[in-house]
file upload19.cif (mmCIF, C-alpha atoms)
data_query
#
loop_
_atom_site.label_atom_id
_atom_site.label_comp_id
_atom_site.auth_asym_id
_atom_site.auth_seq_id
_atom_site.Cartn_x
_atom_site.Cartn_y
_atom_site.Cartn_z
CA MET A 1 61.27 17.64 40.60
CA GLU A 2 59.19 20.75 39.87
CA LEU A 3 55.67 20.43 38.56
CA SER A 4 54.19 22.78 35.96
CA THR A 5 52.66 25.93 37.43
CA LYS A 6 48.88 26.22 37.23
CA THR A 7 47.05 29.54 37.17
CA PHE A 8 43.50 30.04 38.41
CA ARG A 9 41.50 33.20 37.76
CA VAL A 10 39.19 34.17 40.60
CA THR A 11 36.35 36.68 40.18
CA ARG A 12 33.53 37.84 42.43
CA ALA A 13 31.19 35.53 40.51
CA ASP A 14 33.42 32.58 41.49
CA LEU A 15 33.14 33.56 45.16
CA VAL A 16 29.36 33.79 44.96
CA ARG A 17 29.18 30.39 43.28
CA TYR A 18 31.52 28.88 45.89
CA ALA A 19 29.50 30.43 48.73
CA GLY A 20 26.37 28.74 47.39
CA ALA A 21 28.00 25.38 46.76
CA SER A 22 29.86 25.26 50.08
CA GLY A 23 27.28 26.91 52.33
CA ASP A 24 29.83 29.48 53.59
CA PHE A 25 27.90 32.76 53.33
CA ASN A 26 30.24 34.88 55.47
CA PRO A 27 29.69 38.39 54.01
CA ILE A 28 33.44 39.17 53.96
CA HIS A 29 33.41 36.98 50.81
CA TRP A 30 30.80 39.06 48.96
CA SER A 31 30.25 42.43 50.65
CA ASP A 32 32.88 45.19 50.46
CA ARG A 33 30.90 47.07 53.09
CA VAL A 34 31.29 44.25 55.63
CA ALA A 35 34.84 43.33 54.58
CA THR A 36 36.17 46.86 55.03
CA LYS A 37 34.26 47.27 58.30
CA VAL A 38 36.24 44.36 59.80
CA GLY A 39 39.52 45.83 58.57
CA LEU A 40 40.06 43.95 55.32
CA PRO A 41 41.11 45.80 52.15
CA GLY A 42 37.97 44.49 50.44
CA VAL A 43 36.16 41.24 49.67
CA ILE A 44 38.49 38.25 50.04
CA ALA A 45 38.25 34.70 48.70
CA HIS A 46 37.19 31.93 51.07
CA GLY A 47 40.36 30.26 52.35
CA MET A 48 38.68 26.96 51.53
CA PHE A 49 38.13 28.14 47.95
CA THR A 50 41.87 28.77 47.59
CA MET A 51 42.52 25.35 49.13
CA ALA A 52 40.02 23.80 46.70
CA LEU A 53 41.88 25.31 43.73
CA VAL A 54 45.15 23.95 45.12
CA GLY A 55 43.39 20.59 45.48
CA ARG A 56 42.48 20.77 41.79
CA ALA A 57 46.11 21.41 40.90
CA VAL A 58 47.22 18.48 43.08
CA THR A 59 44.71 16.01 41.60
CA GLU A 60 45.62 17.16 38.08
CA TRP A 61 49.33 16.64 38.77
CA ALA A 62 48.55 13.26 40.33
CA GLY A 63 46.49 12.30 37.29
CA ALA A 64 43.54 10.99 39.31
CA PRO A 65 40.59 12.71 41.00
CA ASP A 66 40.82 10.38 44.00
CA ALA A 67 44.60 10.42 44.51
CA VAL A 68 44.83 12.70 47.55
CA VAL A 69 45.42 10.90 50.84
CA ASP A 70 46.64 13.84 52.93
CA PHE A 71 46.33 17.56 52.27
CA SER A 72 47.14 20.47 54.57
CA VAL A 73 47.67 24.22 54.34
CA ARG A 74 48.15 27.27 56.52
CA PHE A 75 46.34 30.42 55.39
CA THR A 76 48.80 33.29 55.73
CA ARG A 77 47.51 36.13 53.57
CA PRO A 78 44.04 36.98 52.27
CA VAL A 79 43.30 36.78 48.52
CA VAL A 80 41.63 40.10 47.73
CA VAL A 81 39.20 39.84 44.80
CA PRO A 82 38.33 43.18 43.16
CA ASP A 83 34.83 43.84 41.84
CA ASP A 84 35.70 43.82 38.14
CA ASP A 85 35.68 41.33 35.28
CA GLN A 86 39.34 40.36 35.72
CA GLY A 87 39.26 39.55 39.43
CA THR A 88 42.64 38.21 40.46
CA GLU A 89 44.86 35.20 39.83
CA ILE A 90 46.23 32.46 42.05
CA GLU A 91 49.36 30.65 40.86
CA VAL A 92 50.02 27.18 42.19
CA SER A 93 53.30 25.31 41.85
CA ALA A 94 54.83 22.34 43.62
CA VAL A 95 57.96 20.30 44.06
CA VAL A 96 58.11 16.57 44.66
CA LYS A 97 59.77 16.08 48.04
CA GLU A 98 59.66 12.33 48.29
CA VAL A 99 58.35 9.19 46.64
CA THR A 100 57.90 6.47 49.23
CA GLU A 101 58.34 2.72 48.75
CA ASP A 102 54.59 2.21 49.07
CA GLY A 103 53.91 4.45 46.07
CA LEU A 104 53.02 7.70 47.84
CA THR A 105 54.32 11.03 46.53
CA ARG A 106 54.79 13.97 48.89
CA LEU A 107 54.43 17.45 47.39
CA ASP A 108 55.37 20.83 48.80
CA VAL A 109 52.99 23.34 47.26
CA THR A 110 53.33 27.10 46.79
CA ALA A 111 50.32 29.33 46.12
CA THR A 112 50.79 33.00 45.29
CA CYS A 113 48.55 35.95 44.44
CA LEU A 114 50.14 39.08 42.90
CA GLY A 115 53.54 37.58 43.67
CA GLU A 116 52.89 37.09 47.41
CA LYS A 117 52.50 33.72 49.09
CA VAL A 118 48.97 33.20 50.36
CA LEU A 119 49.63 29.81 51.97
CA SER A 120 52.46 28.34 53.96
CA GLN A 121 53.20 24.74 54.90
CA ALA A 122 51.01 23.59 52.02
CA ARG A 123 51.59 19.88 51.59
CA ALA A 124 49.86 17.04 49.84
CA THR A 125 50.41 13.31 49.75
CA VAL A 126 49.05 11.54 46.69
CA ARG A 127 49.07 7.92 45.66
CA ALA A 128 49.82 6.68 42.17
CA PRO A 129 46.73 6.35 39.92
CA ARG A 130 45.04 2.95 40.04
CA MET H 1 40.01 37.15 73.19
CA SER H 2 41.06 34.41 75.52
CA LEU H 3 39.80 30.84 75.06
CA ASP H 4 39.44 28.50 78.01
CA PRO H 5 42.10 25.75 77.67
CA SER H 6 40.02 23.39 79.83
CA PHE H 7 37.90 22.71 76.69
CA VAL H 8 40.77 20.67 75.20
CA GLY H 9 39.61 17.07 74.88
CA ARG H 10 35.91 17.94 74.82
CA SER H 11 33.96 15.98 72.19
CA TYR H 12 30.61 16.97 70.78
CA PRO H 13 27.72 14.59 69.98
CA PRO H 14 27.71 12.88 66.56
CA THR H 15 25.85 14.92 63.96
CA ALA H 16 22.77 13.65 62.11
CA PRO H 17 23.88 11.63 59.06
CA TYR H 18 24.77 13.78 56.03
CA GLN H 19 23.51 12.27 52.77
CA VAL H 20 26.16 12.86 50.12
CA GLY H 21 24.20 13.57 46.95
CA ARG H 22 25.44 13.17 43.39
CA GLU H 23 24.13 16.63 42.42
CA LYS H 24 25.81 18.24 45.45
CA ILE H 25 29.18 16.80 44.41
CA ARG H 26 28.59 18.01 40.85
CA GLU H 27 27.62 21.48 42.11
CA PHE H 28 30.70 21.70 44.35
CA ALA H 29 32.97 20.47 41.56
CA ARG H 30 31.51 23.04 39.14
CA ALA H 31 32.00 25.82 41.72
CA ILE H 32 35.74 25.07 41.95
CA GLY H 33 36.11 24.34 38.23
CA ALA H 34 36.95 20.66 38.75
CA THR H 35 36.14 19.09 35.41
CA ASP H 36 37.46 15.55 35.89
CA PRO H 37 34.64 13.27 34.67
CA ALA H 38 34.82 11.22 37.90
CA HIS H 39 33.28 14.18 39.78
CA HIS H 40 30.34 14.28 37.36
CA ASP H 41 29.77 10.95 35.65
CA PRO H 42 29.10 7.78 37.68
CA GLU H 43 30.53 5.61 34.87
CA ALA H 44 33.82 7.53 34.99
CA ALA H 45 33.89 7.14 38.79
CA ARG H 46 33.30 3.38 38.46
CA ALA H 47 36.33 3.20 36.17
CA HIS H 48 38.32 4.40 39.21
CA GLY H 49 36.73 1.70 41.35
CA HIS H 50 34.11 3.85 43.11
CA PRO H 51 30.38 3.17 43.32
CA ASP H 52 29.36 6.72 42.30
CA VAL H 53 30.81 10.19 41.60
CA VAL H 54 33.88 11.13 43.67
CA ALA H 55 34.00 14.34 45.73
CA PRO H 56 36.93 16.76 45.34
CA PRO H 57 39.44 16.67 48.24
CA THR H 58 38.05 19.66 50.17
CA PHE H 59 34.38 18.61 49.90
CA PRO H 60 34.28 17.38 53.54
CA VAL H 61 33.99 21.05 54.64
CA VAL H 62 30.41 20.82 53.40
CA VAL H 63 29.77 17.59 55.28
CA SER H 64 31.29 18.91 58.52
CA GLU H 65 29.51 22.27 58.62
CA ALA H 66 26.98 21.23 61.28
CA SER H 67 29.71 19.61 63.36
CA GLY H 68 31.89 22.72 63.25
CA LYS H 69 28.96 24.86 64.33
CA GLN H 70 28.55 22.75 67.46
CA VAL H 71 32.01 23.92 68.55
CA PHE H 72 32.05 27.49 67.23
CA ALA H 73 28.56 28.22 68.56
CA ASP H 74 29.08 26.51 71.93
CA PRO H 75 27.90 29.23 74.32
CA ASP H 76 30.25 27.92 77.04
CA LEU H 77 33.24 28.41 74.74
CA GLY H 78 31.94 31.85 73.80
CA ILE H 79 33.62 32.45 70.42
CA ASP H 80 32.80 35.76 68.70
CA TYR H 81 32.45 34.38 65.18
CA SER H 82 32.82 37.83 63.57
CA ARG H 83 36.43 37.82 64.84
CA VAL H 84 37.27 34.37 63.48
CA VAL H 85 39.74 33.73 60.66
CA HIS H 86 40.76 30.35 59.30
CA GLY H 87 44.32 29.44 60.29
CA ASP H 88 45.17 25.91 59.21
CA GLN H 89 43.28 23.12 57.50
CA ARG H 90 44.15 19.47 57.01
CA PHE H 91 42.40 16.42 55.57
CA ALA H 92 43.65 12.86 56.08
CA TYR H 93 41.76 10.36 53.97
CA THR H 94 41.03 6.70 54.50
CA ARG H 95 39.13 6.80 51.22
CA PRO H 96 37.48 9.51 49.07
CA VAL H 97 33.94 10.68 49.76
CA VAL H 98 31.52 9.38 47.12
CA ALA H 99 27.86 10.02 46.32
CA GLY H 100 25.63 7.76 48.35
CA ASP H 101 27.74 8.01 51.51
CA GLU H 102 25.85 8.66 54.73
CA LEU H 103 28.39 10.41 56.92
CA VAL H 104 28.45 11.19 60.62
CA CYS H 105 30.86 13.73 62.13
CA VAL H 106 32.29 13.80 65.63
CA SER H 107 34.27 16.90 66.55
CA THR H 108 36.77 17.17 69.39
CA VAL H 109 38.72 20.18 70.63
CA ASP H 110 42.35 19.16 70.07
CA GLU H 111 44.25 22.27 71.10
CA ILE H 112 43.67 25.72 72.54
CA THR H 113 46.37 28.36 72.92
CA ASN H 114 46.26 32.07 73.63
CA ARG H 115 49.05 34.25 72.30
CA GLY H 116 49.45 37.94 71.58
CA GLY H 117 45.86 38.66 72.53
CA HIS H 118 44.52 36.12 70.02
CA GLY H 119 42.93 32.75 70.71
CA PHE H 120 43.85 29.66 68.63
CA LEU H 121 41.56 26.65 68.56
CA THR H 122 42.09 23.37 66.70
CA THR H 123 39.18 21.01 66.20
CA ARG H 124 39.52 17.46 64.91
CA THR H 125 36.49 16.08 63.09
CA GLU H 126 36.29 12.34 62.48
CA ILE H 127 34.00 11.60 59.54
CA ALA H 128 32.73 8.03 59.23
CA THR H 129 29.83 6.24 57.58
CA THR H 130 26.72 5.41 59.60
CA THR H 131 28.07 1.85 59.76
CA GLY H 132 31.28 3.09 61.38
CA GLU H 133 33.66 2.90 58.41
CA PRO H 134 36.22 5.73 58.77
CA VAL H 135 36.39 7.99 55.69
CA VAL H 136 38.32 11.16 56.45
CA THR H 137 39.66 13.12 59.42
CA MET H 138 39.76 16.92 59.29
CA TRP H 139 41.70 19.33 61.47
CA SER H 140 40.75 23.01 61.43
CA LYS H 141 42.61 25.69 63.31
CA ILE H 142 40.80 28.98 63.75
CA VAL H 143 42.18 32.23 65.07
CA VAL H 144 39.88 34.38 67.19
CA ARG H 145 41.38 37.83 66.80
CA GLY H 146 41.67 39.96 69.91
CA GLU H 147 40.21 43.43 70.13
CA ALA H 148 43.04 45.52 68.70
#

call {"tool": "encode", "arguments": {"input": "upload19.cif", "output": "structure tokens"}}
result
Amino acid sequence: MELSTKTFRVTRADLVRYAGASGDFNPIHWSDRVATKVGLPGVIAHGMFTMALVGRAVTEWAGAPDAVVDFSVRFTRPVVVPDDDQGTEIEVSAVVKEVTEDGLTRLDVTATCLGEKVLSQARATVRAPR
Amino acid sequence: MSLDPSFVGRSYPPTAPYQVGREKIREFARAIGATDPAHHDPEAARAHGHPDVVAPPTFPVVVSEASGKQVFADPDLGIDYSRVVHGDQRFAYTRPVVAGDELVCVSTVDEITNRGGHGFLTTRTEIATTTGEPVVTMWSKIVVRGEA
């Protein structure tokens, strides 16, 4: 079964807010000067911010904020966030791979930015809402 | 750069207890746009059977920051943090993190490989309450990029 695709807009302001909330102040997530110096095309989103947005999608699909029992991703491609009002977009979709006898649902998740996958092996296990 | 595989199995001392605050969970939830009332309103969290607001699934990265630094800043391991990128991340939950938790992290080096001039290091961080109740286990794989 396929779940409805969710789209998340990501701007520089979102990265600054996430840096503050998470404590990850690596300048590649806010300074073009530093990002390009280390060979990136520009400022990129925190991998953990992308994973957090996928986590939002998963909890929304599951229908409960506390449903996630296992959640894993591999970061394969950076999410470049331009310094404009539009930023970029991350699309998250998933298929249900399995529903176990003990009420756990296993999802295979796909996250893309500008049509390219930014994660691989993204998987979540959620339990049915209480 | 090359990482010393003899570090596999090394554990670091438990970190000082992290006090999970209600406002910190709200701040983190706002930063990722998570609007479910259970992240913000203790009453809504209680309706899900929790004593206080529930943290979003990736919140343990905040809790484990000090524990991760023990590994990444270990002078014996000698990681150049400016060359580090995040490879893989996994969370396995016993139960969600909630406001009021006092959490202690213990990090262990699970795996080290060197391939194509890059170093790959996986740490496992066990997060438990100060009374020893397991809450969540995290695995983080980082890639230390070689000098190209």

call {"tool": "interface_residues", "arguments": {"input": "upload19.cif", "of": "chain A", "to": "chain H", "cutoff": "7 Å", "atoms": "only C-alpha atoms", "output": "ChimeraX atom specification"}}
result
/A:14,17-18,21-23,47,52-53,55-56,65-66,68-75,130

call {"tool": "closest_residue", "arguments": {"input": "upload19.cif", "among": "A:Ile28, A:Val43, A:Thr50, A:Thr36", "to": "Phe8 in chain A", "atoms": "all atoms listed in the file"}}
result
A:Thr50

call {"tool": "axis_aligned_box", "arguments": {"input": "upload19.cif", "around": "range 54-66 of chain A", "padding_each_side": "8 Å", "output": "lines of an AutoDock Vina configuration file"}}
result
center_x = 45.0
center_y = 17.2
center_z = 41.4
size_x = 24.7
size_y = 29.6
size_z = 24.2

call {"tool": "closest_residue", "arguments": {"input": "upload19.cif", "among": "A:Val38, A:Val109, A:Val10, A:Met1", "to": "Val84 in chain H", "atoms": "only C-alpha atoms"}}
result
A:Val38

call {"tool": "resolve_selection", "arguments": {"input": "upload19.cif", "expression": "the PyMOL selection byres ((chain A and resi 115-120) around 7)", "output": "number ranges by chain"}}
result
A: 73-79, 110-114, 121-122

call {"tool": "atom_distance", "arguments": {"input": "upload19.cif", "atom1": "CA of Lys69 in chain H", "atom2": "CA of Ser107 in chain H"}}
result
9.8 Å

call {"tool": "residues_around", "arguments": {"input": "upload19.cif", "residues": "Ala57 in chain A", "least_positions_apart": "2", "cutoff": "10 Å", "atoms": "all atoms listed in the file", "output": "tab-separated table (two decimals) with C-alpha atoms, keeping the file's coordinate frame"}}
result
chain	number	residue	atom	x	y	z
A	3	LEU	CA	55.67	20.43	38.56
A	4	SER	CA	54.19	22.78	35.96
A	5	THR	CA	52.66	25.93	37.43
A	6	LYS	CA	48.88	26.22	37.23
A	7	THR	CA	47.05	29.54	37.17
A	8	PHE	CA	43.50	30.04	38.41
A	51	MET	CA	42.52	25.35	49.13
A	52	ALA	CA	40.02	23.80	46.70
A	53	LEU	CA	41.88	25.31	43.73
A	54	VAL	CA	45.15	23.95	45.12
A	55	GLY	CA	43.39	20.59	45.48
A	59	THR	CA	44.71	16.01	41.60
A	60	GLU	CA	45.62	17.16	38.08
A	61	TRP	CA	49.33	16.64	38.77
A	62	ALA	CA	48.55	13.26	40.33
A	63	GLY	CA	46.49	12.30	37.29
A	91	GLU	CA	49.36	30.65	40.86
A	92	VAL	CA	50.02	27.18	42.19
A	93	SER	CA	53.30	25.31	41.85
A	94	ALA	CA	54.83	22.34	43.62
A	109	VAL	CA	52.99	23.34	47.26
H	34	ALA	CA	36.95	20.66	38.75

call {"tool": "residues_around", "arguments": {"input": "upload19.cif", "residues": "range 9-11 of chain H", "least_positions_apart": "4", "cutoff": "9 Å", "atoms": "only C-alpha atoms", "output": "list of chain:residue names"}}
result
H:Val71, H:Val106, H:Ser107, H:Thr108, H:Val109, H:Asp110, H:Glu111

call {"tool": "write_last_selection", "arguments": {"input": "upload19.cif", "atoms": "C-alpha atoms", "output": "tab-separated table (two decimals), keeping the file's coordinate frame"}}
result
chain	number	residue	atom	x	y	z
H	71	VAL	CA	32.01	23.92	68.55
H	106	VAL	CA	32.29	13.80	65.63
H	107	SER	CA	34.27	16.90	66.55
H	108	THR	CA	36.77	17.17	69.39
H	109	VAL	CA	38.72	20.18	70.63
H	110	ASP	CA	42.35	19.16	70.07
H	111	GLU	CA	44.25	22.27	71.10

call {"tool": "atom_distance", "arguments": {"input": "upload19.cif", "atom1": "CA of Leu3 in chain H", "atom2": "CA of Ala45 in chain A"}}
result
26.7 Å

call {"tool": "atom_distance", "arguments": {"input": "upload19.cif", "atom1": "CA of Gly42 in chain A", "atom2": "CA of Asn26 in chain A"}}
result
13.3 Å

call {"tool": "resolve_selection", "arguments": {"input": "upload19.cif", "expression": "the PyMOL selection byres ((chain H and resi 104) around 9)", "output": "PyMOL selection string"}}
result
chain H and resi 14-18+63-64+67+102-103+105-106+126-130+132

call {"tool": "residues_near_point", "arguments": {"input": "upload19.cif", "point": "(43.1, 41.9, 70.8)", "cutoff": "10 Å", "atoms": "only C-alpha atoms", "output": "NGL selection string"}}
result
:H and (1-2 or 83 or 115-119 or 144-148)

call {"tool": "residues_around", "arguments": {"input": "upload19.cif", "residues": "Thr105 in chain A", "least_positions_apart": "6", "cutoff": "10 Å", "atoms": "all atoms listed in the file", "output": "list in words"}}
result
Ala62, Ala67, Val68, Val69, Val96, Lys97, Glu98, Val99, Ala124, Thr125, Val126, Arg127 and Ala128 of chain A

call {"tool": "closest_residue", "arguments": {"input": "upload19.cif", "among": "H:Pro75, H:Arg124, H:Glu23, H:Pro5", "to": "Ala99 in chain H", "atoms": "all atoms listed in the file"}}
result
H:Glu23

call {"tool": "resolve_selection", "arguments": {"input": "upload19.cif", "expression": "the PyMOL selection byres ((chain A and resi 31) around 12)", "output": "PDB file with C-alpha atoms, keeping the file's coordinate frame"}}
result
ATOM      1  CA  ARG A  12      33.530  37.840  42.430  1.00  0.00           C
ATOM      2  CA  LEU A  15      33.140  33.560  45.160  1.00  0.00           C
ATOM      3  CA  VAL A  16      29.360  33.790  44.960  1.00  0.00           C
ATOM      4  CA  PHE A  25      27.900  32.760  53.330  1.00  0.00           C
ATOM      5  CA  ASN A  26      30.240  34.880  55.470  1.00  0.00           C
ATOM      6  CA  PRO A  27      29.690  38.390  54.010  1.00  0.00           C
ATOM      7  CA  ILE A  28      33.440  39.170  53.960  1.00  0.00           C
ATOM      8  CA  HIS A  29      33.410  36.980  50.810  1.00  0.00           C
ATOM      9  CA  TRP A  30      30.800  39.060  48.960  1.00  0.00           C
ATOM     10  CA  ASP A  32      32.880  45.190  50.460  1.00  0.00           C
ATOM     11  CA  ARG A  33      30.900  47.070  53.090  1.00  0.00           C
ATOM     12  CA  VAL A  34      31.290  44.250  55.630  1.00  0.00           C
ATOM     13  CA  ALA A  35      34.840  43.330  54.580  1.00  0.00           C
ATOM     14  CA  THR A  36      36.170  46.860  55.030  1.00  0.00           C
ATOM     15  CA  LYS A  37      34.260  47.270  58.300  1.00  0.00           C
ATOM     16  CA  VAL A  38      36.240  44.360  59.800  1.00  0.00           C
ATOM     17  CA  LEU A  40      40.060  43.950  55.320  1.00  0.00           C
ATOM     18  CA  PRO A  41      41.110  45.800  52.150  1.00  0.00           C
ATOM     19  CA  GLY A  42      37.970  44.490  50.440  1.00  0.00           C
ATOM     20  CA  VAL A  43      36.160  41.240  49.670  1.00  0.00           C
ATOM     21  CA  ILE A  44      38.490  38.250  50.040  1.00  0.00           C
ATOM     22  CA  ALA A  45      38.250  34.700  48.700  1.00  0.00           C
ATOM     23  CA  VAL A  80      41.630  40.100  47.730  1.00  0.00           C
ATOM     24  CA  VAL A  81      39.200  39.840  44.800  1.00  0.00           C
ATOM     25  CA  PRO A  82      38.330  43.180  43.160  1.00  0.00           C
ATOM     26  CA  ASP A  83      34.830  43.840  41.840  1.00  0.00           C
TER      27      ASP A  83
END

call {"tool": "decode", "arguments": {"input": "upload19.cif", "residues": "range 25-34 of chain H", "atoms": "all heavy atoms", "output": "compact mmCIF listing (two decimals), in the first residue's frame"}}
result
# COMPACT_ATOMS: atom_id res chain seq x y z
N ILE H 25 11.37 20.44 24.35
CA ILE H 25 10.61 19.61 23.42
C ILE H 25 9.73 20.48 22.53
O ILE H 25 9.67 20.30 21.31
CB ILE H 25 9.77 18.55 24.18
CG1 ILE H 25 10.71 17.47 24.74
CG2 ILE H 25 8.69 17.94 23.28
CD1 ILE H 25 10.01 16.38 25.52
N ARG H 26 9.08 21.48 23.13
CA ARG H 26 8.24 22.39 22.34
C ARG H 26 9.08 23.12 21.29
O ARG H 26 8.67 23.27 20.14
CB ARG H 26 7.55 23.40 23.24
CG ARG H 26 6.42 22.81 24.08
CD ARG H 26 5.95 23.84 25.09
NE ARG H 26 4.73 23.41 25.78
CZ ARG H 26 4.35 23.91 26.96
NH1 ARG H 26 5.09 24.82 27.56
NH2 ARG H 26 3.25 23.48 27.52
N GLU H 27 10.25 23.61 21.71
CA GLU H 27 11.13 24.35 20.80
C GLU H 27 11.58 23.46 19.64
O GLU H 27 11.55 23.87 18.47
CB GLU H 27 12.37 24.85 21.57
CG GLU H 27 13.35 25.62 20.72
CD GLU H 27 14.69 25.85 21.41
OE1 GLU H 27 14.96 25.23 22.45
OE2 GLU H 27 15.48 26.65 20.87
N PHE H 28 11.97 22.22 19.96
CA PHE H 28 12.42 21.29 18.92
C PHE H 28 11.26 20.97 17.98
O PHE H 28 11.42 20.96 16.75
CB PHE H 28 12.97 20.02 19.57
CG PHE H 28 13.63 19.08 18.60
CD1 PHE H 28 14.98 19.24 18.27
CD2 PHE H 28 12.93 18.03 18.02
CE1 PHE H 28 15.60 18.38 17.37
CE2 PHE H 28 13.54 17.17 17.12
CZ PHE H 28 14.88 17.34 16.79
N ALA H 29 10.09 20.72 18.54
CA ALA H 29 8.91 20.40 17.72
C ALA H 29 8.56 21.57 16.79
O ALA H 29 8.27 21.39 15.61
CB ALA H 29 7.72 20.03 18.61
N ARG H 30 8.63 22.81 17.34
CA ARG H 30 8.36 23.98 16.49
C ARG H 30 9.38 24.08 15.36
O ARG H 30 9.02 24.39 14.22
CB ARG H 30 8.41 25.27 17.33
CG ARG H 30 7.13 25.59 18.08
CD ARG H 30 7.12 27.06 18.55
NE ARG H 30 8.30 27.43 19.31
CZ ARG H 30 8.43 27.26 20.63
NH1 ARG H 30 7.44 26.74 21.34
NH2 ARG H 30 9.54 27.62 21.23
N ALA H 31 10.65 23.79 15.66
CA ALA H 31 11.71 23.93 14.66
C ALA H 31 11.53 22.96 13.50
O ALA H 31 11.98 23.23 12.39
CB ALA H 31 13.08 23.72 15.31
N ILE H 32 10.89 21.83 13.74
CA ILE H 32 10.67 20.86 12.65
C ILE H 32 9.22 20.90 12.16
O ILE H 32 8.82 20.09 11.32
CB ILE H 32 11.06 19.42 13.07
CG1 ILE H 32 10.16 18.88 14.18
CG2 ILE H 32 12.54 19.38 13.50
CD1 ILE H 32 10.29 17.38 14.38
N GLY H 33 8.44 21.84 12.69
CA GLY H 33 7.06 22.00 12.24
C GLY H 33 6.12 20.90 12.71
O GLY H 33 5.08 20.66 12.10
N ALA H 34 6.47 20.24 13.82
CA ALA H 34 5.63 19.15 14.34
C ALA H 34 4.55 19.75 15.23
O ALA H 34 4.84 20.23 16.33
CB ALA H 34 6.48 18.15 15.11
